[in-house]
Amino acid sequence: MRESVKKAFERIFHAGIRAVDTEDAVNRHVRRDENELIVDDRSYDLDRFKRVLIFGAGKGAAPMARALEDILGERLRGGSIIVKYGHGLPLQKTEIFEANHPVPDDSGLKATSHILKQLGQCSEDDLVLFAFSGGGSALLPSLRPPLQFQDKQDTTRLLLECGASIDEINTIRKHLSRSKGGMLTRTAYPATVISFSLSDVIGDRLDVIASGPTVPDSTTFQDCLTLFDKYGLNDKVPISVYELLKRGASGLEPETPKTGDPVFDHIQNVIVGSNLAALAAAAQEAEALGYRTVILTSRVQGEAREVARVMAAVGQEVAESSHPVAPPACILAGGEPTVTICGSGKGGRNQELVLAAAIDLSGSDRVAIMSAGTDGTDGPTDAAGAYADGSTVKDALAKGIKAREFLKRNDSYNFFEPLGLLLKTGPTRTNVMDMICLIVT
């Protein structure tokens with residue numbers, strides 16, 4: 001790949017990341033005027049609250065909490081947040097815990113139990129601020145009795161491997177948990193609640209971000225059973241999980257709180273950043289670099305390999321017919337594809353997407369592609385994503401690396417690493433899904 005194109009990809013990607021910097025995002029929505037806290041179009045008299053507390057979870061929760069600490073100053077009494085390992089920041093009054101993502105671990109379980117205990121002590125004299133971002137669902141695990149933690153870990157792995165969407169995975173998580181699907185608001189009731197969310201889901205749905213811990217839940221136990229049928233998981237999930245969901249569907253377990261529940265009478269939910277905001281900033285940078293730019297959508301979903309085929313076709317169309325934009329062009333899209341794991345290789349959805357696209361683009365010398373996670377982590381790897389162009393498959397073959405074999409075993413990381421085509425950013429401490437970028441010269 002030409003170094004100039006690679007550098008252009010990096011500049012475009014990082015411009016998108018800067019636009020959804022979590023501290024800046026919070027500061028755009030929140031300010032303090034002496035004893036008044038102003039959140040968008042609402043104001044809160046801080047003098048009427050005995051305590052102001054911060055809680056939250058997610059890869060970007062630490063900078064969100066830091067921004068809120070700076071705004072609240074001496075008014076803040078404390079709180080706790082949970083972040084992914086390596087995503088912490090020094091905070092003044094807010095406890096910070098680190099835990100595993102995407103499969104929850106014991107550290108996350110203990111930290112969540114600590115948060116639930118604190119929320120359970122809240123009263124109508126408390127103002128509770130929540131900070132949620134991508135990863136919040138896995139980082140905020142709790143168990144409905146009689147589940148064991150291994151049951152939840154095994155179920156999460158099965159859902160991740162079967163190709164279920166994040167909406168579907170979170171539907172299950174809500175009903176196996178005491179901390180999702182509106183349950184944090186129920187636990188904090190009758191406190192006043194303000195919840196800030198950095199969206200990492202299609203359509204910026206509050207009930208899906210971090211599994212909607214502070215909003216009414218529209219999903220049911222029966223929906224969970226329907227999803228198990230859809231993905232053939234009835235005989236694979238732990239029996240305790242299946243039996244719990246069956247009891248819930250029969251009305252023998254309490255449902256998650258729904259619209260109209262009084263626990264939601266004193267809550268404000270605010271989305272502070274989204275994928276579309278990142279794409280808009282990336283588009284501005286691409287135009288500054290001299291590319292005619294089009295944003296296709298911020299709602300990409302489905303199998304990464306199928307998304308790759310569509311994106312490769314778009315790039316070839318632009319190269320051959322200047323439709324929908326004439327070269328030099330940059331075509332942007334965002335969202336969150338999925339991967340159905342059928343091999344034992346190493347990679348993530350973005351790397352797999354780029355590898356599949358590289359095969360389709362082989363020989364197209366004017367088209368290049370990048371796909372990367374805005375959180376800086378693609379799957380269980382240290383890469384955010386990868387790059388490729390029409391020469392990538394040929395260059396790999398010259399090193400004895402056969403693209404189709406690596407794709408077949410989901411081994412995209414080990415395909416791109418020897419070629420120097422992995423994008424590594426480290427933790428960005430933000431998360432608004434993925435960014436896909438085509439450059440056509």
# chains A, B, ... in the order shown; residues from 1 in each chain; ligands from 1

$ residues_around --residues "stretch 19-30 of chain A" --least-positions-apart "3" --cutoff "6 Å" --atoms "only C-alpha atoms" --output "list in words"
Gly16, Ile38, Val39, Asp40, Pro63, Met64, Ala67, Val272, Gly273, Ala278 and Thr430 of chain A

$ residues_around --residues "A:Glu417" --least-positions-apart "6" --cutoff "10 Å" --atoms "only C-alpha atoms" --output "number ranges by chain"
A: 383, 386, 423

$ closest_residue --among "A:Lys117, A:Arg366, A:Arg173, A:Lys110" --to "A:Gln153" --atoms "only C-alpha atoms"
A:Arg173

$ closest_atom_pairs --of "stretch 52-167 of chain A" --to "stretch 340-354 of chain A" --cutoff "8 Å" --atoms "only C-alpha atoms" --output "CSV"
residue,atom,partner,partner_atom,distance
A:Leu160,CA,A:Thr340,CA,7.9
A:Glu161,CA,A:Ile341,CA,5.3
A:Cys162,CA,A:Thr340,CA,5.3
A:Gly163,CA,A:Thr340,CA,4.4

$ residues_around --residues "A:Glu317" --least-positions-apart "2" --cutoff "12 Å" --atoms "only C-alpha atoms" --output "list of chain:residue names"
A:Val310, A:Met311, A:Ala312, A:Ala313, A:Val314, A:Gly315, A:Ala319, A:Glu320, A:Ser321, A:Ser322, A:His323, A:Pro324, A:Val325, A:Ala326, A:Pro327, A:Ala329, A:Ile331, A:Leu361, A:Ser364, A:Arg366, A:Val367, A:Leu438, A:Val440

$ write_last_selection --atoms "N, CA, C and O atoms" --output "compact mmCIF listing (two decimals), in the first residue's frame"
# COMPACT_ATOMS: atom_id res chain seq x y z
N VAL A 310 -19.90 -5.60 -0.16
CA VAL A 310 -20.63 -4.39 -0.58
C VAL A 310 -19.67 -3.20 -0.69
O VAL A 310 -19.70 -2.45 -1.68
N MET A 311 -18.81 -3.03 0.31
CA MET A 311 -17.89 -1.89 0.30
C MET A 311 -16.91 -2.00 -0.86
O MET A 311 -16.59 -0.99 -1.53
N ALA A 312 -16.42 -3.19 -1.14
CA ALA A 312 -15.51 -3.38 -2.27
C ALA A 312 -16.21 -3.03 -3.58
O ALA A 312 -15.63 -2.38 -4.47
N ALA A 313 -17.48 -3.42 -3.70
CA ALA A 313 -18.24 -3.12 -4.92
C ALA A 313 -18.44 -1.61 -5.08
O ALA A 313 -18.36 -1.07 -6.19
N VAL A 314 -18.69 -0.92 -3.96
CA VAL A 314 -18.84 0.53 -4.02
C VAL A 314 -17.54 1.17 -4.52
O VAL A 314 -17.55 2.06 -5.39
N GLY A 315 -16.41 0.73 -3.98
CA GLY A 315 -15.13 1.28 -4.40
C GLY A 315 -14.85 1.04 -5.88
O GLY A 315 -14.37 1.94 -6.59
N ALA A 319 -14.42 3.81 -8.95
CA ALA A 319 -13.22 3.79 -9.81
C ALA A 319 -13.59 3.69 -11.29
O ALA A 319 -12.95 4.31 -12.15
N GLU A 320 -14.62 2.92 -11.59
CA GLU A 320 -14.95 2.63 -13.00
C GLU A 320 -15.94 3.60 -13.61
O GLU A 320 -15.90 3.86 -14.82
N SER A 321 -16.86 4.16 -12.80
CA SER A 321 -17.93 4.99 -13.39
C SER A 321 -18.12 6.33 -12.69
O SER A 321 -19.04 7.07 -13.06
N SER A 322 -17.30 6.62 -11.68
CA SER A 322 -17.42 7.88 -10.91
C SER A 322 -18.78 8.03 -10.25
O SER A 322 -19.27 9.14 -10.04
N HIS A 323 -19.40 6.91 -9.90
CA HIS A 323 -20.70 6.93 -9.24
C HIS A 323 -20.58 6.26 -7.87
O HIS A 323 -20.00 5.18 -7.78
N PRO A 324 -21.05 6.86 -6.79
CA PRO A 324 -21.82 8.11 -6.70
C PRO A 324 -20.96 9.37 -6.58
O PRO A 324 -21.50 10.46 -6.37
N VAL A 325 -19.64 9.24 -6.69
CA VAL A 325 -18.76 10.40 -6.58
C VAL A 325 -17.52 10.12 -7.43
O VAL A 325 -17.09 8.98 -7.58
N ALA A 326 -16.97 11.17 -8.01
CA ALA A 326 -15.81 11.00 -8.88
C ALA A 326 -14.51 10.99 -8.08
O ALA A 326 -14.37 11.73 -7.10
N PRO A 327 -13.54 10.17 -8.47
CA PRO A 327 -12.23 10.18 -7.80
C PRO A 327 -11.52 11.51 -8.04
O PRO A 327 -11.80 12.20 -9.02
N ALA A 329 -11.68 10.13 -4.36
CA ALA A 329 -12.87 10.08 -3.52
C ALA A 329 -12.60 9.34 -2.22
O ALA A 329 -11.73 8.47 -2.13
N ILE A 331 -15.08 7.40 0.64
CA ILE A 331 -16.42 6.94 0.97
C ILE A 331 -16.37 6.40 2.39
O ILE A 331 -15.57 5.52 2.71
N LEU A 361 -11.05 -7.01 -3.83
CA LEU A 361 -10.40 -5.87 -4.50
C LEU A 361 -9.11 -6.27 -5.22
O LEU A 361 -8.48 -5.42 -5.85
N SER A 364 -7.55 -4.43 -8.20
CA SER A 364 -8.12 -3.08 -8.37
C SER A 364 -7.12 -2.07 -7.83
O SER A 364 -7.11 -1.75 -6.64
N ARG A 366 -6.75 1.04 -7.89
CA ARG A 366 -7.13 2.41 -7.50
C ARG A 366 -7.93 2.47 -6.22
O ARG A 366 -8.29 3.55 -5.77
N VAL A 367 -8.23 1.32 -5.61
CA VAL A 367 -9.12 1.28 -4.45
C VAL A 367 -8.38 0.74 -3.22
O VAL A 367 -7.70 -0.29 -3.30
N LEU A 438 -13.16 4.00 2.46
CA LEU A 438 -12.61 3.68 1.14
C LEU A 438 -11.94 4.91 0.55
O LEU A 438 -12.47 6.02 0.66
N VAL A 440 -10.45 6.08 -3.16
CA VAL A 440 -10.36 5.74 -4.58
C VAL A 440 -9.60 6.86 -5.28
O VAL A 440 -10.02 8.03 -5.22

$ residues_around --residues "A:Ala372" --least-positions-apart "2" --cutoff "9 Å" --atoms "only C-alpha atoms" --output "list in words"
Phe13, Arg349, Asn350, Gln351, Met370, Thr374, Asp375, Gly376, Thr377, Asp378, Ala383, Ala384, Gly385, Ala386, Tyr387, Leu423, Met433, Asp434, Met435, Ile436 and Cys437 of chain A

$ atom_distance --atom1 "atom CA of A:Ala15" --atom2 "atom CA of A:Gly420"
22.0 Å

$ atom_distance --atom1 "atom CA of A:Leu147" --atom2 "atom CA of A:Leu244"
8.2 Å

$ atom_distance --atom1 "atom CA of A:Leu289" --atom2 "atom CA of A:Ala333"
17.9 Å

$ closest_residue --among "A:Pro328, A:Ala111, A:His14, A:Gly88" --to "A:Lys424" --atoms "only C-alpha atoms"
A:His14

$ residues_around --residues "A:Ser199" --least-positions-apart "2" --cutoff "8 Å" --atoms "only C-alpha atoms" --output "PyMOL selection string"
chain A and resi 133-134+197+201+204-206+209+271-275+431-433

$ write_last_selection --atoms "C-alpha atoms" --output "compact mmCIF listing (two decimals), in the first residue's frame"
# COMPACT_ATOMS: atom_id res chain seq x y z
CA SER A 133 -20.08 4.05 26.93
CA GLY A 134 -19.37 1.04 24.73
CA SER A 197 -24.29 7.84 27.18
CA VAL A 201 -25.10 1.01 18.84
CA ASP A 204 -28.27 5.38 19.14
CA ARG A 205 -30.96 3.49 21.06
CA LEU A 206 -30.75 4.20 24.77
CA ILE A 209 -26.34 1.24 24.91
CA ILE A 271 -26.56 10.98 24.36
CA VAL A 272 -23.26 12.88 24.24
CA GLY A 273 -21.64 11.32 21.14
CA SER A 274 -22.38 9.01 18.20
CA ASN A 275 -20.90 7.30 15.16
CA ASN A 431 -16.34 4.12 21.58
CA VAL A 432 -18.88 4.89 18.85
CA MET A 433 -18.73 1.59 16.96

$ closest_residue --among "A:Asp167, A:Glu69, A:Asp382, A:Asp33" --to "A:Gly426" --atoms "only C-alpha atoms"
A:Asp382
